[in-house]
file model00.cif (mmCIF, C-alpha atoms)
data_coords
#
loop_
_atom_site.label_atom_id
_atom_site.label_comp_id
_atom_site.auth_asym_id
_atom_site.auth_seq_id
_atom_site.Cartn_x
_atom_site.Cartn_y
_atom_site.Cartn_z
CA MET A 1311 -17.20 26.93 16.17
CA ASN A 1312 -14.35 25.74 13.92
CA THR A 1313 -15.18 24.35 10.52
CA GLU A 1314 -13.28 21.45 8.97
CA THR A 1315 -11.30 23.95 6.86
CA ASP A 1316 -10.41 26.03 9.92
CA VAL A 1317 -9.08 22.95 11.71
CA VAL A 1318 -6.77 21.85 8.91
CA GLN A 1319 -5.53 25.41 8.38
CA GLU A 1320 -4.72 25.85 12.06
CA SER A 1321 -2.93 22.52 12.30
CA GLY A 1322 -0.70 23.11 9.27
CA ARG A 1323 -2.32 20.34 7.25
CA TYR A 1324 -3.86 20.47 3.78
CA ASP A 1325 -6.83 22.78 3.25
CA PRO A 1326 -9.82 21.16 1.43
CA ALA A 1327 -11.01 24.63 0.39
CA THR A 1328 -7.86 25.20 -1.68
CA THR A 1329 -7.45 21.61 -2.91
CA PRO A 1330 -9.14 20.89 -6.27
CA GLN A 1331 -11.83 18.30 -5.59
CA PHE A 1332 -12.80 15.23 -7.59
CA ASN A 1333 -16.23 14.82 -9.07
CA PHE A 1334 -17.68 11.31 -9.08
CA LEU A 1335 -16.45 10.47 -12.58
CA GLN A 1336 -12.90 11.58 -11.77
CA LEU A 1337 -12.97 9.48 -8.62
CA ILE A 1338 -14.03 6.39 -10.57
CA VAL A 1339 -11.29 6.94 -13.15
CA PHE A 1340 -8.52 7.38 -10.58
CA VAL A 1341 -9.67 4.33 -8.62
CA LEU A 1342 -9.91 2.11 -11.70
CA LEU A 1343 -6.67 3.19 -13.39
CA PRO A 1344 -4.24 1.52 -10.96
CA LEU A 1345 -6.58 -1.43 -10.44
CA ALA A 1346 -6.69 -2.04 -14.21
CA TRP A 1347 -2.91 -1.73 -14.39
CA TRP A 1348 -2.44 -4.36 -11.65
CA PHE A 1349 -4.86 -6.75 -13.37
CA PHE A 1350 -3.00 -6.21 -16.65
CA LEU A 1351 0.38 -6.97 -15.05
CA LEU A 1352 -0.74 -10.06 -13.15
CA TYR A 1353 -3.39 -11.62 -15.37
CA VAL A 1354 -2.40 -10.54 -18.89
CA VAL A 1355 1.39 -10.06 -18.86
CA THR A 1356 2.35 -12.75 -16.33
CA PRO A 1357 0.47 -15.67 -17.97
CA ARG A 1358 2.15 -14.83 -21.29
CA LEU A 1359 5.56 -15.20 -19.63
CA LEU A 1360 4.78 -18.55 -18.03
CA PRO A 1361 6.36 -21.08 -17.72
CA SER A 1362 9.68 -19.38 -18.56
CA ILE A 1363 9.63 -17.39 -15.31
CA THR A 1364 8.46 -20.17 -12.98
CA THR A 1365 10.32 -22.57 -10.72
CA PRO A 1366 10.13 -26.37 -11.15
CA ASP A 1367 7.23 -26.24 -8.65
CA GLY A 1368 5.32 -23.91 -10.97
CA GLU A 1369 5.66 -20.77 -8.83
CA ILE A 1370 6.82 -17.44 -10.24
CA SER A 1371 10.51 -16.83 -9.56
CA ALA A 1372 11.54 -14.07 -7.20
CA PHE A 1373 13.06 -11.62 -9.69
CA PRO A 1374 10.09 -11.56 -12.13
CA LEU A 1375 7.69 -11.30 -9.17
CA LEU A 1376 9.59 -8.36 -7.66
CA ILE A 1377 9.90 -6.60 -11.02
CA LEU A 1378 6.23 -7.00 -11.93
CA THR A 1379 4.97 -5.81 -8.54
CA SER A 1380 7.46 -2.92 -8.57
CA LEU A 1381 5.87 -1.80 -11.85
CA GLY A 1382 2.52 -1.76 -10.05
CA TYR A 1383 3.80 0.37 -7.17
CA LEU A 1384 5.68 2.70 -9.52
CA PHE A 1385 2.50 3.29 -11.51
CA GLU A 1386 0.75 4.44 -8.31
CA PHE A 1387 3.73 6.61 -7.36
CA PHE A 1388 3.85 8.39 -10.72
CA LEU A 1389 0.07 8.73 -10.79
CA ALA A 1390 0.27 10.51 -7.43
CA LEU A 1391 2.96 12.85 -8.80
CA TYR A 1392 0.78 13.52 -11.86
CA ILE A 1393 -2.16 14.53 -9.65
CA LEU A 1394 0.00 16.80 -7.50
CA ARG A 1395 1.68 18.38 -10.52
CA ARG A 1396 -1.71 19.00 -12.14
CA GLU A 1397 -2.62 20.97 -9.02
CA GLY A 1398 0.37 23.20 -9.69
CA TYR A 1399 2.79 21.92 -7.07
CA PRO A 1400 6.53 21.69 -7.78
CA LEU A 1401 7.53 18.10 -7.18
CA ARG A 1402 9.65 18.88 -4.15
CA LEU A 1403 8.97 17.68 -0.63
CA SER A 1404 9.31 21.22 0.71
CA ALA A 1405 6.53 22.38 -1.64
CA LEU A 1406 4.30 19.35 -0.99
CA ARG A 1407 4.73 19.21 2.79
CA LYS A 1408 1.37 20.73 3.73
CA ARG A 1409 -0.57 19.26 0.78
CA ILE A 1410 0.31 15.65 1.68
CA ASN A 1411 0.39 16.07 5.50
CA TRP A 1412 4.14 15.51 5.65
CA ARG A 1413 4.34 16.00 9.40
CA TRP A 1414 4.63 13.85 12.47
CA VAL A 1415 1.73 13.21 14.80
CA ARG A 1416 1.75 15.77 17.59
CA GLY A 1417 1.19 15.04 21.26
CA TRP A 1418 1.40 11.90 23.41
CA LYS A 1419 -2.36 11.40 23.18
CA ASN A 1420 -2.22 11.08 19.40
CA TRP A 1421 0.83 8.82 19.55
CA GLY A 1422 -1.12 6.68 22.00
CA ILE A 1423 -3.98 6.46 19.49
CA VAL A 1424 -1.51 5.39 16.80
CA LEU A 1425 -0.15 2.65 19.07
CA ILE A 1426 -3.63 1.41 19.96
CA LEU A 1427 -4.67 1.35 16.31
CA PHE A 1428 -1.51 -0.50 15.35
CA VAL A 1429 -1.90 -3.16 18.02
CA LEU A 1430 -5.64 -3.52 17.41
CA GLY A 1431 -5.47 -3.56 13.62
CA PHE A 1432 -2.51 -5.80 13.11
CA GLY A 1433 -3.34 -7.99 16.08
CA LEU A 1434 -6.78 -8.73 14.65
CA SER A 1435 -5.22 -9.21 11.23
CA MET A 1436 -2.76 -11.80 12.55
CA LEU A 1437 -5.56 -13.64 14.36
CA PHE A 1438 -8.22 -13.69 11.67
CA ALA A 1439 -6.69 -12.87 8.28
CA GLN A 1440 -5.41 -16.34 7.47
CA PRO A 1441 -8.69 -18.24 8.01
CA ILE A 1442 -10.68 -15.51 6.22
CA ASN A 1443 -8.24 -15.46 3.31
CA ARG A 1444 -8.31 -19.26 3.11
CA SER A 1445 -12.11 -19.25 2.93
CA MET A 1446 -12.02 -16.65 0.15
CA ALA A 1447 -9.37 -18.61 -1.74
CA GLU A 1448 -11.44 -21.79 -1.52
CA ILE A 1449 -14.38 -19.98 -3.14
CA LEU A 1450 -12.30 -18.35 -5.89
CA PRO A 1451 -8.78 -19.83 -5.91
CA PRO A 1452 -5.71 -17.71 -6.75
CA PRO A 1453 -3.53 -18.78 -9.68
CA ASP A 1454 -1.14 -21.59 -8.73
CA TRP A 1455 1.89 -19.54 -9.72
CA PHE A 1456 1.52 -17.27 -6.67
CA PRO A 1457 4.18 -18.14 -4.04
CA ALA A 1458 3.11 -19.78 -0.80
CA THR A 1459 3.31 -16.53 1.21
CA GLN A 1460 0.71 -15.03 -1.15
CA HIS A 1461 -1.43 -18.15 -1.57
CA PRO A 1462 -3.60 -19.08 1.44
CA LEU A 1463 -4.08 -22.66 0.25
CA LYS A 1464 -0.34 -23.40 0.28
CA GLU A 1465 1.83 -24.25 3.26
CA VAL A 1466 4.50 -21.71 4.18
CA ARG A 1467 7.63 -23.61 5.18
CA GLY A 1468 10.08 -20.75 5.64
CA PHE A 1469 11.29 -17.30 4.62
CA GLU A 1470 12.46 -18.66 1.26
CA ASP A 1471 8.82 -19.33 0.27
CA ALA A 1472 8.39 -15.58 -0.24
CA LEU A 1473 11.18 -15.54 -2.85
CA PRO A 1474 11.12 -18.86 -4.70
CA GLY A 1475 13.59 -19.94 -7.33
CA VAL A 1476 16.66 -18.02 -6.16
CA LYS A 1477 19.54 -18.53 -3.76
CA ILE A 1478 19.29 -15.81 -1.13
CA GLY A 1479 22.68 -16.22 0.56
CA GLY A 1480 25.20 -13.81 -0.96
CA ASN A 1481 22.67 -12.45 -3.48
CA ILE A 1482 23.17 -8.70 -3.07
CA LEU A 1483 21.27 -7.90 -6.27
CA LEU A 1484 18.23 -9.72 -4.88
CA LEU A 1485 18.53 -7.74 -1.65
CA LEU A 1486 18.62 -4.42 -3.51
CA VAL A 1487 15.63 -5.33 -5.67
CA PHE A 1488 13.74 -6.59 -2.62
CA LEU A 1489 14.41 -3.38 -0.65
CA PHE A 1490 13.39 -1.25 -3.64
CA ASN A 1491 10.20 -3.26 -4.15
CA THR A 1492 9.09 -3.14 -0.53
CA SER A 1493 9.97 0.56 -0.24
CA MET A 1494 7.91 1.39 -3.31
CA ASN A 1495 5.06 -0.70 -1.86
CA ILE A 1496 4.85 1.79 1.01
CA ILE A 1497 5.74 4.98 -0.87
CA GLY A 1498 3.58 4.29 -3.93
CA GLU A 1499 0.46 3.15 -2.10
CA ASP A 1500 0.51 5.74 0.69
CA LEU A 1501 1.44 8.71 -1.47
CA TYR A 1502 -1.33 7.87 -3.93
CA TYR A 1503 -4.21 6.52 -1.84
CA ARG A 1504 -3.62 8.76 1.18
CA GLY A 1505 -1.51 11.78 0.25
CA ALA A 1506 -2.89 12.45 -3.23
CA LEU A 1507 -6.48 11.12 -3.14
CA ILE A 1508 -7.96 11.72 0.33
CA PRO A 1509 -7.59 15.54 0.21
CA LYS A 1510 -9.54 15.50 -3.08
CA LEU A 1511 -12.54 13.62 -1.67
CA HIS A 1512 -14.01 16.32 0.59
CA GLY A 1513 -16.25 17.64 -2.16
CA LEU A 1514 -17.97 14.24 -2.38
CA PHE A 1515 -17.75 12.99 1.21
CA GLY A 1516 -17.14 16.03 3.42
CA ARG A 1517 -15.72 15.23 6.86
CA TRP A 1518 -15.77 11.52 5.98
CA ALA A 1519 -13.28 11.92 3.13
CA TRP A 1520 -10.70 9.97 5.14
CA LEU A 1521 -13.13 7.05 5.57
CA ALA A 1522 -13.90 7.02 1.84
CA GLY A 1523 -10.15 6.85 1.22
CA GLY A 1524 -9.92 3.99 3.68
CA ILE A 1525 -12.54 2.06 1.69
CA ILE A 1526 -10.89 2.83 -1.65
CA TRP A 1527 -7.66 1.18 -0.49
CA PRO A 1528 -9.23 -2.31 -0.12
CA ILE A 1529 -10.92 -1.86 -3.51
CA LYS A 1530 -7.46 -1.31 -4.97
CA HIS A 1531 -6.44 -4.77 -3.76
CA LEU A 1532 -9.12 -6.62 -5.73
CA TYR A 1533 -6.34 -7.97 -7.96
CA VAL A 1534 -5.56 -10.22 -4.96
CA TRP A 1535 -9.23 -10.68 -4.07
CA TRP A 1536 -8.61 -13.41 -1.51
CA ASN A 1537 -6.69 -10.94 0.71
CA VAL A 1538 -9.28 -8.15 0.72
CA PRO A 1539 -11.56 -9.08 3.67
CA GLY A 1540 -8.86 -10.37 5.99
CA ASN A 1541 -5.92 -8.07 5.24
CA THR A 1542 -7.01 -4.77 3.75
CA VAL A 1543 -10.39 -3.52 5.02
CA LEU A 1544 -9.51 -2.73 8.65
CA LEU A 1545 -5.92 -1.78 7.82
CA GLY A 1546 -7.08 0.56 5.05
CA ILE A 1547 -9.36 2.43 7.46
CA ILE A 1548 -6.63 2.64 10.10
CA GLY A 1549 -4.13 4.06 7.62
CA ALA A 1550 -6.66 6.60 6.35
CA TYR A 1551 -7.48 7.69 9.91
CA ILE A 1552 -3.82 8.27 10.73
CA PHE A 1553 -3.42 10.32 7.55
CA GLY A 1554 -6.72 12.22 7.89
CA PRO A 1555 -7.88 13.02 11.43
CA LEU A 1556 -4.40 12.54 12.94
CA GLY A 1557 -2.81 14.33 10.00
CA SER A 1558 0.41 12.44 9.28
CA LEU A 1559 1.53 10.71 6.10
CA PRO A 1560 4.95 9.69 7.54
CA VAL A 1561 3.30 7.91 10.49
CA THR A 1562 0.86 6.24 8.09
CA MET A 1563 3.85 4.97 6.10
CA LEU A 1564 5.65 3.83 9.25
CA VAL A 1565 2.62 1.87 10.48
CA HIS A 1566 2.09 0.41 7.00
CA TRP A 1567 5.77 -0.61 6.80
CA ALA A 1568 5.72 -2.31 10.19
CA GLY A 1569 2.33 -3.89 9.57
CA ASN A 1570 3.51 -5.42 6.29
CA GLN A 1571 6.08 -7.20 8.47
CA TYR A 1572 8.98 -5.39 6.79
CA LEU A 1573 10.13 -4.62 10.33
CA ILE A 1574 10.90 -8.36 10.48
CA GLN A 1575 11.54 -9.15 6.82
CA TRP A 1576 14.19 -6.49 6.21
CA PRO A 1577 16.56 -7.64 9.00
CA LEU A 1578 15.94 -11.31 8.10
CA MET A 1579 16.69 -10.64 4.46
CA ILE A 1580 19.89 -8.74 5.27
CA ILE A 1581 21.05 -11.49 7.64
CA GLU A 1582 20.25 -14.21 5.11
CA VAL A 1583 22.07 -12.43 2.27
CA PHE A 1584 25.23 -11.62 4.21
CA PHE A 1585 25.39 -14.52 6.65
CA GLY A 1586 23.24 -17.26 5.10
CA GLY A 1587 24.50 -20.30 3.29
#
call {"tool": "encode", "arguments": {"input": "model00.cif", "output": "structure tokens"}}
result
Amino acid sequence: MNTETDVVQESGRYDPATTPQFNFLQLIVFVLLPLAWWFFLLYVVTPRLLPSITTPDGEISAFPLLILTSLGYLFEFFLALYILRREGYPLRLSALRKRINWRWVRGWKNWGIVLILFVLGFGLSMLFAQPINRSMAEILPPPDWFPATQHPLKEVRGFEDALPGVKIGGNILLLLVFLFNTSMNIIGEDLYYRGALIPKLHGLFGRWAWLAGGIIWPIKHLYVWWNVPGNTVLLGIIGAYIFGPLGSLPVTMLVHWAGNQYLIQWPLMIIEVFFGG
């Protein structure tokens, strides 16, 4: 009978037996570090910059918003690299390939599972996230400076509501910053919360390390508490399952990218910048 370690060794994925494991205190520290950084950026730094970085409607302008959130994603990215370097890995993809499950899902059956999880997870999110998020926001409202696309109590009137205070048409700098920000959203979060952390949780959670990682991901999003029940719980578990039992960080990133609607937002942004008014 194969053990968990045998399975990951045979499949070319990371080996829990050779991956340094977290104790409970280390786990708490590495969960709280990025969460504290996000709270610092959004609720300490941002209020000190207001109202100089807000639009006439009182919402944070696009460039400050993209820069601040990029700093959050970059912190997670570099924290992941710190963990991997502390384990002795050269920071090259060729050296990290097995450690972070840098491989595609194998077999039509597993690709079918990915498709089912994507449709189920993001379908349910589209149906129920908005009313759940609205209810949460009514109990504990977000700051008014959040743009309408991030504030459930505001009406979203168009694509421009995601990037207030700037002219999108012809704004190539905005496009580059937007693409960098959204790319780091995927790379930073998935490399840290899936690639770096989940392999280190087997000592505490055994075969359910992937599920623990899936629960940690919603905890990370407490800095936008109104989005946690509707947007992050189910999607966090789905992403962790694709990374863990299915064994693929690239597919996790792809599903995360499409699920964040970048599959739609990227082409729209490019069209608006180059062909908009």
call {"tool": "resolve_selection", "arguments": {"input": "model00.cif", "expression": "the PyMOL selection byres ((chain A and resi 1458) around 12)", "output": "ChimeraX atom specification"}}
result
/A:1367-1371,1452-1457,1459-1474
call {"tool": "closest_residue", "arguments": {"input": "model00.cif", "among": "A:Ile1581, A:Ala1568, A:Val1341, A:Leu1573", "to": "Leu1425 in chain A", "atoms": "all atoms listed in the file"}}
result
A:Ala1568
call {"tool": "residues_around", "arguments": {"input": "model00.cif", "residues": "Leu1403 in chain A", "least_positions_apart": "3", "cutoff": "12 Å", "atoms": "only C-alpha atoms", "output": "list in words"}}
result
Leu1391, Leu1394, Tyr1399, Pro1400, Leu1406, Arg1407, Lys1408, Arg1409, Ile1410, Asn1411, Trp1412, Arg1413 and Leu1501 of chain A
call {"tool": "atom_distance", "arguments": {"input": "model00.cif", "atom1": "CA of Trp1347 in chain A", "atom2": "CA of Ala1372 in chain A"}}
result
20.3 Å
call {"tool": "resolve_selection", "arguments": {"input": "model00.cif", "expression": "the PyMOL selection byres ((chain A and resi 1550) around 7)", "output": "ChimeraX atom specification"}}
result
/A:1504,1520-1521,1523-1524,1546-1549,1551-1554
call {"tool": "write_last_selection", "arguments": {"input": "model00.cif", "atoms": "C-alpha atoms", "output": "compact mmCIF listing (two decimals), in the frame of the given file"}}
result
# COMPACT_ATOMS: atom_id res chain seq x y z
CA ARG A 1504 -3.62 8.76 1.18
CA TRP A 1520 -10.70 9.97 5.14
CA LEU A 1521 -13.13 7.05 5.57
CA GLY A 1523 -10.15 6.85 1.22
CA GLY A 1524 -9.92 3.99 3.68
CA GLY A 1546 -7.08 0.56 5.05
CA ILE A 1547 -9.36 2.43 7.46
CA ILE A 1548 -6.63 2.64 10.10
CA GLY A 1549 -4.13 4.06 7.62
CA TYR A 1551 -7.48 7.69 9.91
CA ILE A 1552 -3.82 8.27 10.73
CA PHE A 1553 -3.42 10.32 7.55
CA GLY A 1554 -6.72 12.22 7.89
call {"tool": "closest_residue", "arguments": {"input": "model00.cif", "among": "A:Thr1492, A:Leu1378, A:Val1565, A:Gly1322", "to": "Tyr1353 in chain A", "atoms": "all atoms listed in the file"}}
result
A:Leu1378
call {"tool": "closest_residue", "arguments": {"input": "model00.cif", "among": "A:Pro1555, A:Gln1575, A:Phe1490, A:Phe1373", "to": "Arg1517 in chain A", "atoms": "all atoms listed in the file"}}
result
A:Pro1555
call {"tool": "closest_residue", "arguments": {"input": "model00.cif", "among": "A:Pro1374, A:Ile1449, A:Asn1491, A:Leu1337", "to": "Val1355 in chain A", "atoms": "all atoms listed in the file"}}
result
A:Pro1374
call {"tool": "residues_around", "arguments": {"input": "model00.cif", "residues": "Ala1390 in chain A", "least_positions_apart": "2", "cutoff": "10 Å", "atoms": "only C-alpha atoms", "output": "MDAnalysis selection string"}}
result
chainID A and resid 1340 1384:1388 1392:1396 1498:1507
call {"tool": "atom_distance", "arguments": {"input": "model00.cif", "atom1": "CA of Glu1397 in chain A", "atom2": "CA of Ser1558 in chain A"}}
result
20.4 Å
call {"tool": "atom_distance", "arguments": {"input": "model00.cif", "atom1": "CA of His1566 in chain A", "atom2": "CA of Ile1496 in chain A"}}
result
6.7 Å
call {"tool": "residues_around", "arguments": {"input": "model00.cif", "residues": "Leu1578 in chain A", "least_positions_apart": "4", "cutoff": "12 Å", "atoms": "only C-alpha atoms", "output": "number ranges by chain"}}
result
A: 1468-1470, 1478-1479, 1485, 1488-1489, 1571-1574, 1582-1586
call {"tool": "closest_residue", "arguments": {"input": "model00.cif", "among": "A:Gly1516, A:Leu1401, A:Val1534, A:Leu1375", "to": "Leu1450 in chain A", "atoms": "all atoms listed in the file"}}
result
A:Val1534
call {"tool": "closest_residue", "arguments": {"input": "model00.cif", "among": "A:Ile1508, A:Ala1405, A:Leu1556, A:Leu1434", "to": "Gln1331 in chain A", "atoms": "all atoms listed in the file"}}
result
A:Ile1508
